[in-house]
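Shown next, in structure tokens, is the structure this report addresses.
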Amino acid sequence: MKAVVLIPARYSSSRYPGKPLVPLLGKPMIIWVAELASKAVGRDNVYVATEDIRISKVVAQAGFNFVMTTDSCLTGTDRLAEAAEQIDADIYINVQGDEPVVNPEDIEKAIEIKKKDMSLIVNGYCWLSESEDPNSVNIPKVITTEDDVLVYMSRSALPGYKDQRNAPKAYKKQVCIYAFNADELKMYKSFGRKSELEFSEDIEILRFLEFGNRIQMFETTAGSLAVDVPDDVAPVEKALKELHQL
């Protein structure tokens, strides 16, 4: 089976315009992500899906593939679905362009889970660190069954509890590595709008949950960090220095 990585990269982010091109240790963030993805599937199988010529130029200059999409995509997954119409593959891996410390081995793990059961939507999670606030709306929290099937995902601190004795010892958070097939992406895009839960939470995978898809979560390497707002740049740069021993 052929697996490709598609990295949705929108320039006009509402919380952080131009985010894919923000320099991290002097290199655009989108290039950090593309380089890591290439370690999992090879450079020829990595594509950046964008609506903006500024991003496509940077990607091309770095020697990576890009796919131009419209600027009307509702979510990154809608952008992925639009790009997938131009690329022939069996498995499409969505790696978010704002997670520059993603582990290539986690991308490989998502591919293997999808290969074993192509009917599953696959998504990663890891545990919040002690320095992360479970009440932060910038961190989607994950609730799963004991065998890691998604029950729900929320920006609220979940699971809830009514007695402090029942408080969870730790919280799971979403890591934005997903695995889809072409039919799943086509169904997602053809819906034409955000589902009700997706709209409220602003978490795009909830659309699949409302469709009734089984979503298999898998634990990724600890330490996942995303750049959602400008304040996230410094800790991500620190993590990159440690990861690459710079």
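Residues are named by chain letter and number: chains run A, B, ... in the order of the structure tokens, numbers start at 1 in each chain, and ligands are numbered from 1 in the order shown.
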| said: DSSP on the backbone, helix (DSSP H, G or I) only: what residues of region 37-191 of chain A does that give? Format it as a PyMOL selection string. | reply: chain A and resi 37-41+43-45+53-61+76-84+104-116+164-166+182-190
| request: Could you give me, as an NGL selection string, each residue of region 72-241 of chain A that DSSP assigns to strand (DSSP E) when run on this structure's backbone? | output: :A and (91-95 or 121-127 or 141-144 or 150-154 or 172-180 or 215-219)
| field | Nearby residues (only C-alpha atoms) at most 10 Å from Phe66 (chain A), same-chain spacing under 2 positions excluded, as a PyMOL selection string | value | chain A and resi 6-8+46-50+55-60+63-64+68-69+83
Deliver the residues from the most recent selection as a file, using C-alpha atoms, as a short mmCIF file (atom, residue, chain, number, x, y, z; two decimals), in the first residue's frame.
data_model
loop_
_atom_site.label_atom_id
_atom_site.label_comp_id
_atom_site.auth_asym_id
_atom_site.auth_seq_id
_atom_site.Cartn_x
_atom_site.Cartn_y
_atom_site.Cartn_z
CA LEU A 6 -0.18 15.59 3.53
CA ILE A 7 0.54 18.66 5.65
CA PRO A 8 -2.28 21.24 5.59
CA VAL A 46 5.43 14.36 1.42
CA TYR A 47 3.09 17.12 0.20
CA VAL A 48 2.19 20.48 1.70
CA ALA A 49 -1.42 21.47 0.96
CA THR A 50 -1.85 25.24 1.01
CA ILE A 55 3.90 29.04 1.56
CA SER A 56 4.17 27.11 -1.72
CA LYS A 57 7.29 29.09 -2.70
CA VAL A 58 9.04 28.34 0.59
CA VAL A 59 8.11 24.66 0.32
CA ALA A 60 9.34 24.40 -3.28
CA GLY A 63 12.70 20.78 -2.33
CA PHE A 64 9.32 19.52 -1.19
CA MET A 68 -2.56 24.26 -4.17
CA THR A 69 -6.02 24.17 -2.62
CA ALA A 83 -5.47 17.79 -1.96
#
| request: Would you mind listing what lies within 6 Å of region 209-224 of chain A as a PyMOL selection string, with only C-alpha atoms counted and same-chain residues fewer than 3 positions away left out? | output: chain A and resi 106+120-126+148-150+206
| Quick one: residues within 7 Å of region 143-147 of chain A, only C-alpha atoms counted, chain neighbours fewer than 3 positions away excluded, as number ranges by chain? | A: 150-153, 158-159
Keeping only N, CA, C and O atoms, write those residues as a JSON list (two decimals), in the first residue's frame.
[["chain", "number", "residue", "atom", "x", "y", "z"],
["A", 150, "LEU", "N", -11.74, 6.13, 20.56],
["A", 150, "LEU", "CA", -12.18, 7.46, 20.96],
["A", 150, "LEU", "C", -13.64, 7.46, 21.42],
["A", 150, "LEU", "O", -14.52, 6.96, 20.72],
["A", 151, "VAL", "N", -13.86, 8.05, 22.58],
["A", 151, "VAL", "CA", -15.21, 8.28, 23.09],
["A", 151, "VAL", "C", -15.62, 9.72, 22.80],
["A", 151, "VAL", "O", -16.70, 9.99, 22.28],
["A", 152, "TYR", "N", -14.71, 10.65, 23.12],
["A", 152, "TYR", "CA", -14.99, 12.06, 22.86],
["A", 152, "TYR", "C", -13.69, 12.84, 22.98],
["A", 152, "TYR", "O", -12.70, 12.38, 23.57],
["A", 153, "MET", "N", -13.69, 14.03, 22.40],
["A", 153, "MET", "CA", -12.56, 14.94, 22.46],
["A", 153, "MET", "C", -13.10, 16.34, 22.73],
["A", 153, "MET", "O", -14.11, 16.73, 22.13],
["A", 158, "LEU", "N", -11.43, 17.06, 30.45],
["A", 158, "LEU", "CA", -12.20, 15.82, 30.57],
["A", 158, "LEU", "C", -11.25, 14.64, 30.74],
["A", 158, "LEU", "O", -10.15, 14.66, 30.22],
["A", 159, "PRO", "N", -11.67, 13.58, 31.47],
["A", 159, "PRO", "CA", -12.99, 13.36, 32.03],
["A", 159, "PRO", "C", -13.27, 14.23, 33.25],
["A", 159, "PRO", "O", -12.36, 14.62, 33.97]]
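Of note, CA of Glu82 (chain A) and CA of Val236 (chain A) are spaced 29.5 Å apart.
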Contact check, region 58-90 of chain A to region 193-196 of chain A, at most 12 Å, counting only C-alpha atoms, closest pairs as CSV:
residue,atom,partner,partner_atom,distance
A:Ser72,CA,A:Arg193,CA,11.2
A:Cys73,CA,A:Arg193,CA,9.8
A:Leu74,CA,A:Arg193,CA,7.3
A:Thr75,CA,A:Lys194,CA,8.6
A:Gly76,CA,A:Lys194,CA,11.9
A:Thr77,CA,A:Lys194,CA,11.1
A:Asp78,CA,A:Arg193,CA,9.7
| If you count only C-alpha atoms, which residues fall within 12 Å of Lys169 (chain A), apart from same-chain ones fewer than 2 positions away, as JSON, numbers by chain? | {"A": [127, 128, 129, 130, 134, 158, 159, 160, 161, 164, 165, 166, 167, 171, 172]}
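Between CA of Glu108 (chain A) and CA of Lys2 (chain A) the interatomic distance comes to 12.3 Å.
For the residues A:Ala84, A:Met118, A:Leu243, A:Val4, ranking by smallest atom-to-atom distance to Pro100 (chain A) using only C-alpha atoms places A:Leu243 first.
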| said: I'd like the neighbourhood of Pro28 (chain A) as an MDAnalysis selection string, where a residue qualifies if any of its atoms comes within 12 Å (using only C-alpha atoms), though same-chain residues fewer than 3 positions away should be ignored. | reply: chainID A and resid 9 18:25 31:35 54:55 57:59 61:62 97:98 100 233 237
Selection above as a file: C-alpha atoms, as an mmCIF file, in the first residue's frame:
data_model
loop_
_atom_site.group_PDB
_atom_site.id
_atom_site.type_symbol
_atom_site.label_atom_id
_atom_site.label_comp_id
_atom_site.auth_asym_id
_atom_site.auth_seq_id
_atom_site.Cartn_x
_atom_site.Cartn_y
_atom_site.Cartn_z
ATOM 1 C CA ALA A 9 -0.823 24.730 5.889
ATOM 2 C CA GLY A 18 1.315 33.326 8.764
ATOM 3 C CA LYS A 19 1.926 30.557 11.289
ATOM 4 C CA PRO A 20 3.348 27.961 8.841
ATOM 5 C CA LEU A 21 6.177 30.351 7.949
ATOM 6 C CA VAL A 22 7.058 31.424 11.485
ATOM 7 C CA PRO A 23 10.832 30.939 11.877
ATOM 8 C CA LEU A 24 11.903 28.399 14.478
ATOM 9 C CA LEU A 25 15.642 28.602 15.048
ATOM 10 C CA ILE A 31 9.889 22.911 6.691
ATOM 11 C CA TRP A 32 10.674 21.406 10.096
ATOM 12 C CA VAL A 33 7.480 19.356 9.797
ATOM 13 C CA ALA A 34 8.103 18.335 6.188
ATOM 14 C CA GLU A 35 11.639 17.176 6.995
ATOM 15 C CA ARG A 54 4.004 32.425 -0.115
ATOM 16 C CA ILE A 55 3.897 29.036 1.557
ATOM 17 C CA LYS A 57 7.288 29.089 -2.704
ATOM 18 C CA VAL A 58 9.039 28.337 0.589
ATOM 19 C CA VAL A 59 8.111 24.656 0.316
ATOM 20 C CA GLN A 61 12.610 26.180 -2.466
ATOM 21 C CA ALA A 62 13.233 23.556 0.222
ATOM 22 C CA GLY A 97 1.964 21.878 10.089
ATOM 23 C CA ASP A 98 2.189 23.343 13.588
ATOM 24 C CA PRO A 100 7.472 20.574 14.445
ATOM 25 C CA VAL A 233 7.261 29.635 19.915
ATOM 26 C CA GLU A 237 12.321 26.265 20.005
#
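Nearest residue to Lys186 (chain A) among A:Glu85, A:Asp90, A:Asp44, A:Glu112 is A:Glu85, counting only C-alpha atoms.
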| query | Out of A:Glu105, A:Glu99, A:Asp183, A:Asp163, which residue has the shortest atom-to-atom distance to Ala239 (chain A) when counting only C-alpha atoms? | reply | A:Glu99
